[in-house]
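Trainee: Provided below: start-v6.pdb, containing PDB, C-alpha atoms.
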ATOM      1  CA  MET A   1     -26.813  -2.435   4.635
ATOM      2  CA  SER A   2     -24.564   0.183   3.044
ATOM      3  CA  HIS A   3     -22.520  -0.819   0.010
ATOM      4  CA  ILE A   4     -19.485   0.563  -1.835
ATOM      5  CA  PRO A   5     -19.051   0.477  -5.645
ATOM      6  CA  PHE A   6     -16.242  -1.919  -6.488
ATOM      7  CA  GLY A   7     -15.906  -2.626 -10.197
ATOM      8  CA  ARG A   8     -18.725  -4.934 -11.266
ATOM      9  CA  TYR A   9     -19.809  -5.368  -7.655
ATOM     10  CA  GLN A  10     -21.180  -3.543  -4.635
ATOM     11  CA  VAL A  11     -19.225  -4.619  -1.543
ATOM     12  CA  PRO A  12     -20.455  -4.285   2.052
ATOM     13  CA  GLY A  13     -19.530  -0.965   3.584
ATOM     14  CA  ASN A  14     -20.502  -1.738   7.179
ATOM     15  CA  ARG A  15     -17.719  -4.224   7.990
ATOM     16  CA  ALA A  16     -14.074  -4.849   7.218
ATOM     17  CA  LEU A  17     -13.457  -6.855   4.048
ATOM     18  CA  VAL A  18     -10.955  -9.678   3.633
ATOM     19  CA  MET A  19      -8.747  -9.584   0.529
ATOM     20  CA  GLY A  20      -7.055 -12.918  -0.125
ATOM     21  CA  ILE A  21      -3.577 -12.928  -1.679
ATOM     22  CA  LEU A  22      -3.085 -15.116  -4.757
ATOM     23  CA  ASN A  23       0.560 -14.907  -5.788
ATOM     24  CA  VAL A  24       1.220 -16.505  -9.175
ATOM     25  CA  THR A  25       4.960 -16.007  -8.915
ATOM     26  CA  PRO A  26       7.767 -18.548  -8.504
ATOM     27  CA  ASP A  27       9.507 -16.431  -5.841
ATOM     28  CA  SER A  28       6.825 -15.217  -3.439
ATOM     29  CA  PHE A  29       8.268 -14.562   0.027
ATOM     30  CA  SER A  30       5.368 -16.244   1.831
ATOM     31  CA  ASP A  31       4.340 -19.320  -0.149
ATOM     32  CA  GLY A  32       7.438 -20.198  -2.147
ATOM     33  CA  GLY A  33       5.609 -20.132  -5.464
ATOM     34  CA  ARG A  34       3.183 -22.937  -4.598
ATOM     35  CA  PHE A  35       0.408 -21.301  -6.628
ATOM     36  CA  ALA A  36       2.427 -20.441  -9.754
ATOM     37  CA  SER A  37       0.653 -23.033 -11.939
ATOM     38  CA  LEU A  38      -2.859 -22.327 -13.227
ATOM     39  CA  ASP A  39      -4.409 -25.429 -11.656
ATOM     40  CA  PHE A  40      -2.970 -24.688  -8.222
ATOM     41  CA  SER A  41      -3.914 -21.011  -8.507
ATOM     42  CA  LEU A  42      -7.529 -21.789  -9.303
ATOM     43  CA  SER A  43      -7.724 -24.437  -6.599
ATOM     44  CA  HIS A  44      -6.416 -21.956  -4.051
ATOM     45  CA  ALA A  45      -8.851 -19.266  -5.258
ATOM     46  CA  GLU A  46     -11.750 -21.701  -4.933
ATOM     47  CA  GLN A  47     -10.675 -22.539  -1.383
ATOM     48  CA  MET A  48     -10.519 -18.847  -0.487
ATOM     49  CA  ILE A  49     -14.050 -18.385  -1.826
ATOM     50  CA  ARG A  50     -15.263 -21.290   0.305
ATOM     51  CA  ASP A  51     -13.509 -19.707   3.269
ATOM     52  CA  GLY A  52     -15.473 -16.476   2.865
ATOM     53  CA  VAL A  53     -13.031 -14.168   1.078
ATOM     54  CA  ASP A  54     -14.471 -10.846  -0.103
ATOM     55  CA  ILE A  55     -11.856  -9.984  -2.773
ATOM     56  CA  ILE A  56      -9.063 -11.987  -4.438
ATOM     57  CA  ASP A  57      -5.848 -10.095  -5.256
ATOM     58  CA  VAL A  58      -3.829 -11.687  -8.086
ATOM     59  CA  GLY A  59      -0.161 -10.766  -8.393
ATOM     60  CA  GLY A  60       2.376 -11.842 -11.002
ATOM     61  CA  GLU A  61       5.473 -10.038  -9.724
ATOM     62  CA  SER A  62       7.048 -10.397  -6.306
ATOM     63  CA  THR A  63       7.521  -7.065  -4.544
ATOM     64  CA  ARG A  64       9.365  -8.399  -1.518
ATOM     65  CA  PRO A  65      12.402  -6.333  -0.452
ATOM     66  CA  GLY A  66      15.231  -6.797  -2.946
ATOM     67  CA  ALA A  67      13.021  -8.362  -5.606
ATOM     68  CA  PRO A  68      14.047  -7.777  -9.243
ATOM     69  CA  SER A  69      11.496  -6.499 -11.750
ATOM     70  CA  VAL A  70       9.665  -8.926 -14.039
ATOM     71  CA  PRO A  71       9.439  -8.295 -17.810
ATOM     72  CA  LEU A  72       6.026  -7.205 -19.075
ATOM     73  CA  GLU A  73       5.370 -10.280 -21.211
ATOM     74  CA  GLU A  74       6.238 -12.621 -18.352
ATOM     75  CA  GLU A  75       3.879 -10.845 -15.961
ATOM     76  CA  LEU A  76       1.088 -11.011 -18.538
ATOM     77  CA  ARG A  77       1.786 -14.713 -19.090
ATOM     78  CA  ARG A  78       1.432 -15.356 -15.383
ATOM     79  CA  VAL A  79      -1.667 -13.314 -14.526
ATOM     80  CA  LEU A  80      -3.947 -13.251 -17.573
ATOM     81  CA  PRO A  81      -4.948 -16.954 -17.570
ATOM     82  CA  VAL A  82      -5.852 -16.672 -13.892
ATOM     83  CA  LEU A  83      -7.807 -13.445 -14.348
ATOM     84  CA  TYR A  84      -9.833 -14.844 -17.248
ATOM     85  CA  ALA A  85     -10.477 -18.093 -15.381
ATOM     86  CA  LEU A  86     -11.762 -16.209 -12.321
ATOM     87  CA  ARG A  87     -13.749 -13.476 -14.051
ATOM     88  CA  GLU A  88     -17.113 -15.192 -13.455
ATOM     89  CA  CYS A  89     -16.322 -16.686 -10.051
ATOM     90  CA  GLY A  90     -18.795 -14.384  -8.287
ATOM     91  CA  THR A  91     -16.108 -12.694  -6.163
ATOM     92  CA  PRO A  92     -14.456  -9.341  -6.922
ATOM     93  CA  ILE A  93     -10.980  -9.736  -8.438
ATOM     94  CA  SER A  94      -8.060  -7.359  -7.964
ATOM     95  CA  VAL A  95      -4.780  -7.321  -9.874
ATOM     96  CA  ASP A  96      -1.578  -6.270  -8.126
ATOM     97  CA  THR A  97       0.493  -4.446 -10.760
ATOM     98  CA  TYR A  98       2.225  -1.144 -11.479
ATOM     99  CA  LYS A  99       2.512  -1.611 -15.260
ATOM    100  CA  PRO A 100      -0.067   0.301 -17.355
ATOM    101  CA  GLU A 101      -0.027  -2.393 -20.041
ATOM    102  CA  VAL A 102      -0.963  -5.044 -17.471
ATOM    103  CA  MET A 103      -3.667  -2.741 -16.123
ATOM    104  CA  ARG A 104      -5.215  -2.424 -19.588
ATOM    105  CA  GLU A 105      -5.192  -6.177 -20.198
ATOM    106  CA  ALA A 106      -6.551  -6.851 -16.721
ATOM    107  CA  VAL A 107      -9.441  -4.456 -17.322
ATOM    108  CA  LEU A 108     -10.291  -6.385 -20.492
ATOM    109  CA  ALA A 109     -10.198  -9.562 -18.400
ATOM    110  CA  GLY A 110     -12.828  -8.074 -16.070
ATOM    111  CA  VAL A 111     -10.958  -7.117 -12.898
ATOM    112  CA  ASP A 112     -12.670  -5.014 -10.260
ATOM    113  CA  MET A 113      -9.658  -3.347  -8.618
ATOM    114  CA  ILE A 114      -6.193  -2.246  -9.689
ATOM    115  CA  ASN A 115      -3.827  -2.436  -6.716
ATOM    116  CA  ASP A 116      -0.735  -0.374  -7.606
ATOM    117  CA  ILE A 117       2.324  -0.275  -5.336
ATOM    118  CA  ASN A 118       3.606   2.623  -7.474
ATOM    119  CA  ALA A 119       0.480   4.750  -6.876
ATOM    120  CA  PHE A 120      -0.297   5.157 -10.605
ATOM    121  CA  ARG A 121       2.869   7.175 -11.194
ATOM    122  CA  ALA A 122       4.047   5.258 -14.278
ATOM    123  CA  PRO A 123       3.485   7.148 -17.544
ATOM    124  CA  GLY A 124       0.092   6.087 -18.899
ATOM    125  CA  ALA A 125      -1.169   4.506 -15.676
ATOM    126  CA  ILE A 126      -3.940   7.030 -15.069
ATOM    127  CA  ASP A 127      -4.939   6.856 -18.730
ATOM    128  CA  ALA A 128      -5.135   3.061 -18.444
ATOM    129  CA  VAL A 129      -7.717   3.181 -15.646
ATOM    130  CA  ARG A 130      -9.597   6.433 -16.256
ATOM    131  CA  ASP A 131     -12.461   5.074 -18.358
ATOM    132  CA  THR A 132     -13.089   1.990 -16.240
ATOM    133  CA  ASP A 133     -15.220   1.362 -13.173
ATOM    134  CA  CYS A 134     -12.413  -0.393 -11.261
ATOM    135  CA  ALA A 135     -11.623   0.500  -7.687
ATOM    136  CA  LEU A 136      -8.056   1.855  -7.451
ATOM    137  CA  CYS A 137      -5.670   1.351  -4.548
ATOM    138  CA  ILE A 138      -2.912   3.958  -4.171
ATOM    139  CA  MET A 139       0.045   2.712  -2.125
ATOM    140  CA  HIS A 140       3.010   4.531  -0.618
ATOM    141  CA  MET A 141       6.441   3.068  -1.348
ATOM    142  CA  LEU A 142       9.858   4.577  -0.698
ATOM    143  CA  ASP A 143      12.008   4.151  -3.836
ATOM    144  CA  LYS A 144      11.487   0.688  -5.438
ATOM    145  CA  PRO A 145      11.371  -2.941  -4.194
ATOM    146  CA  ALA A 146      15.015  -3.640  -5.025
ATOM    147  CA  THR A 147      16.234  -0.833  -2.738
ATOM    148  CA  MET A 148      13.309   0.260  -0.553
ATOM    149  CA  GLN A 149      14.672  -1.305   2.643
ATOM    150  CA  ASP A 150      18.120   0.263   2.342
ATOM    151  CA  LYS A 151      18.033   2.376   5.527
ATOM    152  CA  PRO A 152      14.605   4.026   5.042
ATOM    153  CA  ALA A 153      14.396   7.365   6.850
ATOM    154  CA  TYR A 154      11.707   9.989   7.462
ATOM    155  CA  ALA A 155      11.476  13.152   9.525
ATOM    156  CA  ASP A 156       7.782  12.399  10.159
ATOM    157  CA  VAL A 157       6.711   9.098   8.622
ATOM    158  CA  VAL A 158       2.960   9.585   9.148
ATOM    159  CA  GLY A 159       2.927  13.150   7.871
ATOM    160  CA  GLU A 160       5.092  12.304   4.866
ATOM    161  CA  VAL A 161       3.010   9.274   3.882
ATOM    162  CA  ILE A 162      -0.200  11.307   4.194
ATOM    163  CA  ALA A 163       1.303  14.087   2.062
ATOM    164  CA  PHE A 164       2.326  11.584  -0.617
ATOM    165  CA  LEU A 165      -1.092   9.921  -0.676
ATOM    166  CA  ARG A 166      -2.830  13.319  -0.815
ATOM    167  CA  GLU A 167      -0.707  14.314  -3.829
ATOM    168  CA  ARG A 168      -1.574  11.075  -5.618
ATOM    169  CA  ILE A 169      -5.287  11.409  -4.815
ATOM    170  CA  ASP A 170      -5.171  14.914  -6.266
ATOM    171  CA  ALA A 171      -3.333  13.678  -9.372
ATOM    172  CA  LEU A 172      -5.898  10.944 -10.033
ATOM    173  CA  THR A 173      -8.909  13.174  -9.463
ATOM    174  CA  ALA A 174      -7.349  15.865 -11.673
ATOM    175  CA  GLY A 175      -6.932  13.142 -14.278
ATOM    176  CA  GLY A 176     -10.660  12.469 -14.326
ATOM    177  CA  ILE A 177     -10.931   9.686 -11.721
ATOM    178  CA  ASP A 178     -13.972   9.715  -9.431
ATOM    179  CA  ARG A 179     -12.733   9.976  -5.844
ATOM    180  CA  ARG A 180     -15.261   7.335  -4.787
ATOM    181  CA  ARG A 181     -13.190   4.735  -6.644
ATOM    182  CA  LEU A 182     -10.062   5.353  -4.565
ATOM    183  CA  TRP A 183      -8.499   3.444  -1.683
ATOM    184  CA  ILE A 184      -5.238   4.192   0.125
ATOM    185  CA  ASP A 185      -2.541   1.849   1.434
ATOM    186  CA  PRO A 186       0.294   3.163   3.660
ATOM    187  CA  GLY A 187       2.581   0.453   2.302
ATOM    188  CA  PHE A 188       3.648  -1.527   5.346
ATOM    189  CA  GLY A 189       7.146  -2.864   4.733
ATOM    190  CA  PHE A 190       7.680  -0.850   1.553
ATOM    191  CA  GLY A 191      10.564   1.336   2.649
ATOM    192  CA  LYS A 192       9.811   1.389   6.387
ATOM    193  CA  THR A 193      11.433   0.216   9.590
ATOM    194  CA  THR A 194       9.448  -1.683  12.213
ATOM    195  CA  GLU A 195       8.924   1.588  14.087
ATOM    196  CA  HIS A 196       7.668   3.305  10.925
ATOM    197  CA  ASN A 197       5.237   0.461  10.257
ATOM    198  CA  TYR A 198       3.655   0.566  13.707
ATOM    199  CA  ALA A 199       3.423   4.349  13.682
ATOM    200  CA  LEU A 200       1.476   4.076  10.407
ATOM    201  CA  LEU A 201      -0.694   1.257  11.756
ATOM    202  CA  LYS A 202      -1.737   3.431  14.714
ATOM    203  CA  ALA A 203      -2.428   6.376  12.383
ATOM    204  CA  GLY A 204      -4.998   4.563  10.226
ATOM    205  CA  ARG A 205      -8.015   6.591  11.340
ATOM    206  CA  ARG A 206      -6.069   9.830  10.981
ATOM    207  CA  MET A 207      -5.267   8.932   7.367
ATOM    208  CA  VAL A 208      -8.877   8.096   6.565
ATOM    209  CA  LEU A 209     -10.156  11.295   8.188
ATOM    210  CA  GLU A 210      -7.581  13.605   6.628
ATOM    211  CA  LEU A 211      -7.735  12.094   3.127
ATOM    212  CA  GLY A 212     -11.402  11.123   2.967
ATOM    213  CA  VAL A 213     -10.586   7.803   1.280
ATOM    214  CA  PRO A 214     -10.967   4.284   2.756
ATOM    215  CA  LEU A 215      -7.907   2.358   3.871
ATOM    216  CA  LEU A 216      -6.510  -0.991   2.744
ATOM    217  CA  ALA A 217      -3.951  -2.591   5.088
ATOM    218  CA  GLY A 218      -1.556  -5.355   4.055
ATOM    219  CA  LEU A 219       0.677  -6.582   6.859
ATOM    220  CA  SER A 220       0.082 -10.352   6.719
ATOM    221  CA  ARG A 221       3.252 -12.370   7.501
ATOM    222  CA  LYS A 222       5.489  -9.319   6.979
ATOM    223  CA  SER A 223       8.706  -8.510   8.822
ATOM    224  CA  MET A 224       6.822  -6.128  11.138
ATOM    225  CA  ILE A 225       5.034  -9.231  12.481
ATOM    226  CA  GLY A 226       8.255 -11.196  12.781
ATOM    227  CA  ALA A 227       9.999  -8.295  14.509
ATOM    228  CA  VAL A 228       7.638  -8.369  17.494
ATOM    229  CA  THR A 229       6.918 -12.136  17.625
ATOM    230  CA  GLY A 230      10.367 -13.453  16.755
ATOM    231  CA  LYS A 231       8.726 -15.967  14.415
ATOM    232  CA  PRO A 232       9.765 -16.899  10.846
ATOM    233  CA  VAL A 233       7.370 -16.324   7.937
ATOM    234  CA  GLU A 234       5.743 -19.741   8.154
ATOM    235  CA  GLN A 235       4.906 -19.239  11.852
ATOM    236  CA  ARG A 236       3.306 -15.791  11.685
ATOM    237  CA  LEU A 237      -0.372 -16.768  11.550
ATOM    238  CA  ALA A 238      -1.252 -15.658  15.086
ATOM    239  CA  GLY A 239       0.736 -12.445  14.723
ATOM    240  CA  SER A 240      -0.884 -11.721  11.366
ATOM    241  CA  LEU A 241      -4.351 -12.192  12.854
ATOM    242  CA  GLY A 242      -3.434  -9.766  15.606
ATOM    243  CA  GLY A 243      -2.213  -7.330  12.982
ATOM    244  CA  ALA A 244      -5.403  -7.639  10.932
ATOM    245  CA  LEU A 245      -7.594  -6.945  13.959
ATOM    246  CA  ALA A 246      -5.398  -4.014  14.973
ATOM    247  CA  ALA A 247      -5.635  -2.595  11.446
ATOM    248  CA  VAL A 248      -9.429  -2.797  11.504
ATOM    249  CA  ALA A 249      -9.526  -1.268  14.985
ATOM    250  CA  HIS A 250      -7.458   1.605  13.569
ATOM    251  CA  GLY A 251      -9.778   2.181  10.625
ATOM    252  CA  ALA A 252      -8.915  -0.261   7.823
ATOM    253  CA  GLY A 253     -11.775  -1.141   5.492
ATOM    254  CA  ILE A 254      -9.899  -3.969   3.762
ATOM    255  CA  VAL A 255      -7.239  -6.278   5.182
ATOM    256  CA  ARG A 256      -5.042  -8.052   2.623
ATOM    257  CA  VAL A 257      -4.089 -11.487   3.982
ATOM    258  CA  HIS A 258      -2.678 -14.913   3.206
ATOM    259  CA  ASP A 259      -4.767 -16.820   5.766
ATOM    260  CA  VAL A 260      -8.335 -16.176   4.687
ATOM    261  CA  ALA A 261     -10.340 -18.670   6.765
ATOM    262  CA  GLU A 262      -8.678 -17.696  10.011
ATOM    263  CA  THR A 263      -8.962 -13.966   9.316
ATOM    264  CA  VAL A 264     -12.643 -14.257   8.373
ATOM    265  CA  ASP A 265     -13.377 -16.013  11.664
ATOM    266  CA  ALA A 266     -11.323 -13.552  13.702
ATOM    267  CA  LEU A 267     -13.167 -10.616  12.151
ATOM    268  CA  LYS A 268     -16.558 -12.240  12.743
ATOM    269  CA  VAL A 269     -15.773 -12.378  16.453
ATOM    270  CA  TRP A 270     -14.334  -8.844  16.416
ATOM    271  CA  HIS A 271     -17.441  -7.462  14.694
ATOM    272  CA  ALA A 272     -19.740  -9.395  17.053
ATOM    273  CA  ALA A 273     -17.913  -7.889  20.011
ATOM    274  CA  ASN A 274     -18.549  -4.489  18.471
ATOM    275  CA  GLY A 275     -22.283  -5.046  18.016
ATOM    276  CA  GLN A 276     -22.329  -6.450  14.486
ATOM    277  CA  LEU A 277     -23.377 -10.034  15.119
ATOM    278  CA  SER A 278     -23.904 -12.146  11.974
ATOM    279  CA  GLU A 279     -25.008 -15.712  11.309
ATOM    280  CA  PRO A 280     -22.471 -18.340  10.165
ATOM    281  CA  ASN A 281     -22.245 -18.858   6.369
TER     282      ASN A 281
END
Represent the structure from my file as structure tokens, please.

Mentor:
Amino acid sequence: MSHIPFGRYQVPGNRALVMGILNVTPDSFSDGGRFASLDFSLSHAEQMIRDGVDIIDVGGESTRPGAPSVPLEEELRRVLPVLYALRECGTPISVDTYKPEVMREAVLAGVDMINDINAFRAPGAIDAVRDTDCALCIMHMLDKPATMQDKPAYADVVGEVIAFLRERIDALTAGGIDRRRLWIDPGFGFGKTTEHNYALLKAGRRMVLELGVPLLAGLSRKSMIGAVTGKPVEQRLAGSLGGALAAVAHGAGIVRVHDVAETVDALKVWHAANGQLSEPN
């Protein structure tokens, strides 16, 4: 079995991985802040591990459209207790942040991936991660969360997103980052219309081939699911599963999801249908 370096771990490289979302915010768009307390966060993380999650992504700042920024100290207060509590859980841990100071503290807490919606553009971000072994996810976002959905427009959304990601890959490698640590994320919903999102979803393999970096896809419960199903956030499970399978079919190596158990099962069937039959856990 092939494996990929991922912080303290080696993750399977011959199947799609499931990243479970652990929002420790009071204003998450999808779970209403249910996991903002430490006890609830850890209980939810433990359930995701039992459900077969491959990576847990901890986020302390909502990045839904229109979301205000969170002060540094507040984000640290939210995420650090969770990161330290999970550091020896036996599952790779990611932190979802764009602040270099949070990145540094998260590295000390033992995280295995830094997932940055700002693509490591903040001053000091590359310095914060250079001398670590963390995997790094570079995401495309148009403008910032507070304004990103204000009439997003592109001449060629796929070409422009690829060009942006290529520039950021070049910036990180020029800054001393081993390319093998990098992942890309087209940023579904981050300054895109429904049409933009589905054009990017279909272009997954093109992005991987042109950039030579594996792809992480996060479209669970997002508006692009609601736009085609007509369902509100709390009723987007089936649509999100369809989106996860479509992302993997189009080349995603990681799918970032809210519904871990269901996604794990769906991918087991998808992989079996593609000749990768595995035994139940």

Trainee: List every protein, DNA or RNA residue that has at least one atom no more than 12 Å from (-0.3, -0.8, 9.1) in the file's coordinates, counting all atoms listed in the file, and write the result as a ChimeraX atom specification.

Mentor: /A:139-140,158,161,184-190,192-205,207,215-220,222-225,240,242-252,254-256

Trainee: Which residues of range 139-185 of chain A sit at most 8 Å from range 55-73 of chain A, using only C-alpha atoms? Give each one's shortest atom pair and distance in Å (one decimal place), in chain and ascending residue order, as a Markdown table.

Mentor:
| residue | atom | partner | partner_atom | distance |
| --- | --- | --- | --- | --- |
| A:Pro145 | CA | A:Pro65 | CA | 5.2 |
| A:Ala146 | CA | A:Gly66 | CA | 3.8 |
| A:Thr147 | CA | A:Gly66 | CA | 6.1 |
| A:Met148 | CA | A:Pro65 | CA | 6.7 |
| A:Gln149 | CA | A:Pro65 | CA | 6.3 |

Trainee: For the structure shown, which residues end up in the PyMOL selection byres ((chain A and resi 263-276) around 10)? Put them as a compact mmCIF listing (two decimals) with C-alpha atoms, in the frame of the given file, please?

Mentor:
# COMPACT_ATOMS: atom_id res chain seq x y z
CA ASN A 14 -20.50 -1.74 7.18
CA ARG A 15 -17.72 -4.22 7.99
CA ALA A 16 -14.07 -4.85 7.22
CA LEU A 17 -13.46 -6.86 4.05
CA VAL A 18 -10.96 -9.68 3.63
CA MET A 19 -8.75 -9.58 0.53
CA GLY A 20 -7.06 -12.92 -0.12
CA ASP A 51 -13.51 -19.71 3.27
CA GLY A 52 -15.47 -16.48 2.86
CA VAL A 53 -13.03 -14.17 1.08
CA ASP A 54 -14.47 -10.85 -0.10
CA LEU A 237 -0.37 -16.77 11.55
CA ALA A 238 -1.25 -15.66 15.09
CA SER A 240 -0.88 -11.72 11.37
CA LEU A 241 -4.35 -12.19 12.85
CA GLY A 242 -3.43 -9.77 15.61
CA ALA A 244 -5.40 -7.64 10.93
CA LEU A 245 -7.59 -6.94 13.96
CA VAL A 248 -9.43 -2.80 11.50
CA ALA A 249 -9.53 -1.27 14.98
CA VAL A 255 -7.24 -6.28 5.18
CA ARG A 256 -5.04 -8.05 2.62
CA VAL A 257 -4.09 -11.49 3.98
CA HIS A 258 -2.68 -14.91 3.21
CA ASP A 259 -4.77 -16.82 5.77
CA VAL A 260 -8.34 -16.18 4.69
CA ALA A 261 -10.34 -18.67 6.76
CA GLU A 262 -8.68 -17.70 10.01
CA LEU A 277 -23.38 -10.03 15.12
CA SER A 278 -23.90 -12.15 11.97
CA GLU A 279 -25.01 -15.71 11.31
CA PRO A 280 -22.47 -18.34 10.16

Trainee: Could you give me, as JSON, numbers by chain, the residues that sit within 12 Å of (-3.0, 5.3, -5.6) in the file's coordinates, counting all atoms listed in the file?

Mentor: {"A": [96, 97, 98, 113, 114, 115, 116, 117, 118, 119, 120, 121, 122, 125, 126, 129, 135, 136, 137, 138, 139, 140, 141, 161, 162, 164, 165, 166, 167, 168, 169, 170, 171, 172, 173, 177, 179, 181, 182, 183, 184, 185, 186, 187, 213, 214, 215, 216]}

Trainee: Which residue out of A:Pro26, A:Gly191, A:Gly175, A:Gly212 has the minimum interatomic distance to Lys144 in chain A when all atoms listed in the file are used?

Mentor: A:Gly191

Trainee: So what do you get for CA of Pro232 in chain A versus CA of Val95 in chain A, distance-wise?

Mentor: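 It comes out at 27.1 Å.
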
Trainee: Between CA of Asp131 in chain A and CA of Leu209 in chain A, what is the distance in Å, rounded to a tenth?

Mentor: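 Answer for the CA of Asp131 in chain A to CA of Leu209 in chain A separation: 27.4 Å.
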
Trainee: Under the rule that all atoms listed in the file are counted, which of A:Val228, A:Ala153, A:Ile49, A:Val24 is the nearest residue to Leu80 in chain A?

Mentor: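 With all atoms listed in the file as the atom set, the closest residue is A:Val24.
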
Trainee: Using all atoms listed in the file, pick whichever of A:Leu142, A:Met103, A:Val111, A:Ala174 has the shortest atom-to-atom distance to Leu83 in chain A.

Mentor: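 For Leu83 in chain A, the nearest of the candidates is A:Val111.
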
Trainee: Rank A:Arg180, A:Cys134, A:Gly110, A:Ala227 by their smallest atom-to-atom distance to Ile4 in chain A, using only C-alpha atoms, and report the top residue only.

Mentor: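 Once distances to Ile4 in chain A are computed over only C-alpha atoms, the minimum belongs to A:Arg180.
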
Trainee: Rank nothing, just name the residue among A:Gly226, A:Gly239, A:Pro92, A:Gly253 nearest to Val208 in chain A, using all atoms listed in the file.

Mentor: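 When distances to Val208 in chain A are compared using all atoms listed in the file, the smallest one comes from A:Gly253.
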
Trainee: Please compute the CA of Met48 in chain A-CA of Val82 in chain A distance, one decimal, in Å.

Mentor: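 That distance, rounded to one decimal, is 14.4 Å.
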
Trainee: From the set A:Glu75, A:Asn23, A:Asp112, A:Glu88, which residue has the shortest atom-to-atom contact distance to Pro100 in chain A, counting all atoms listed in the file?

Mentor: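 Looking at the shortest contact to Pro100 in chain A, the residue is A:Glu75.
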
Trainee: Please list as a list in words every residue within 10 Å of Ala85 in chain A, counting all atoms listed in the file and excluding residues in the same chain fewer than 4 positions away.

Mentor: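 Near Ala85 in chain A, the qualifying residues are Leu38, Ser41, Leu42, Leu80, Pro81, Cys89 and Ala109 of chain A.
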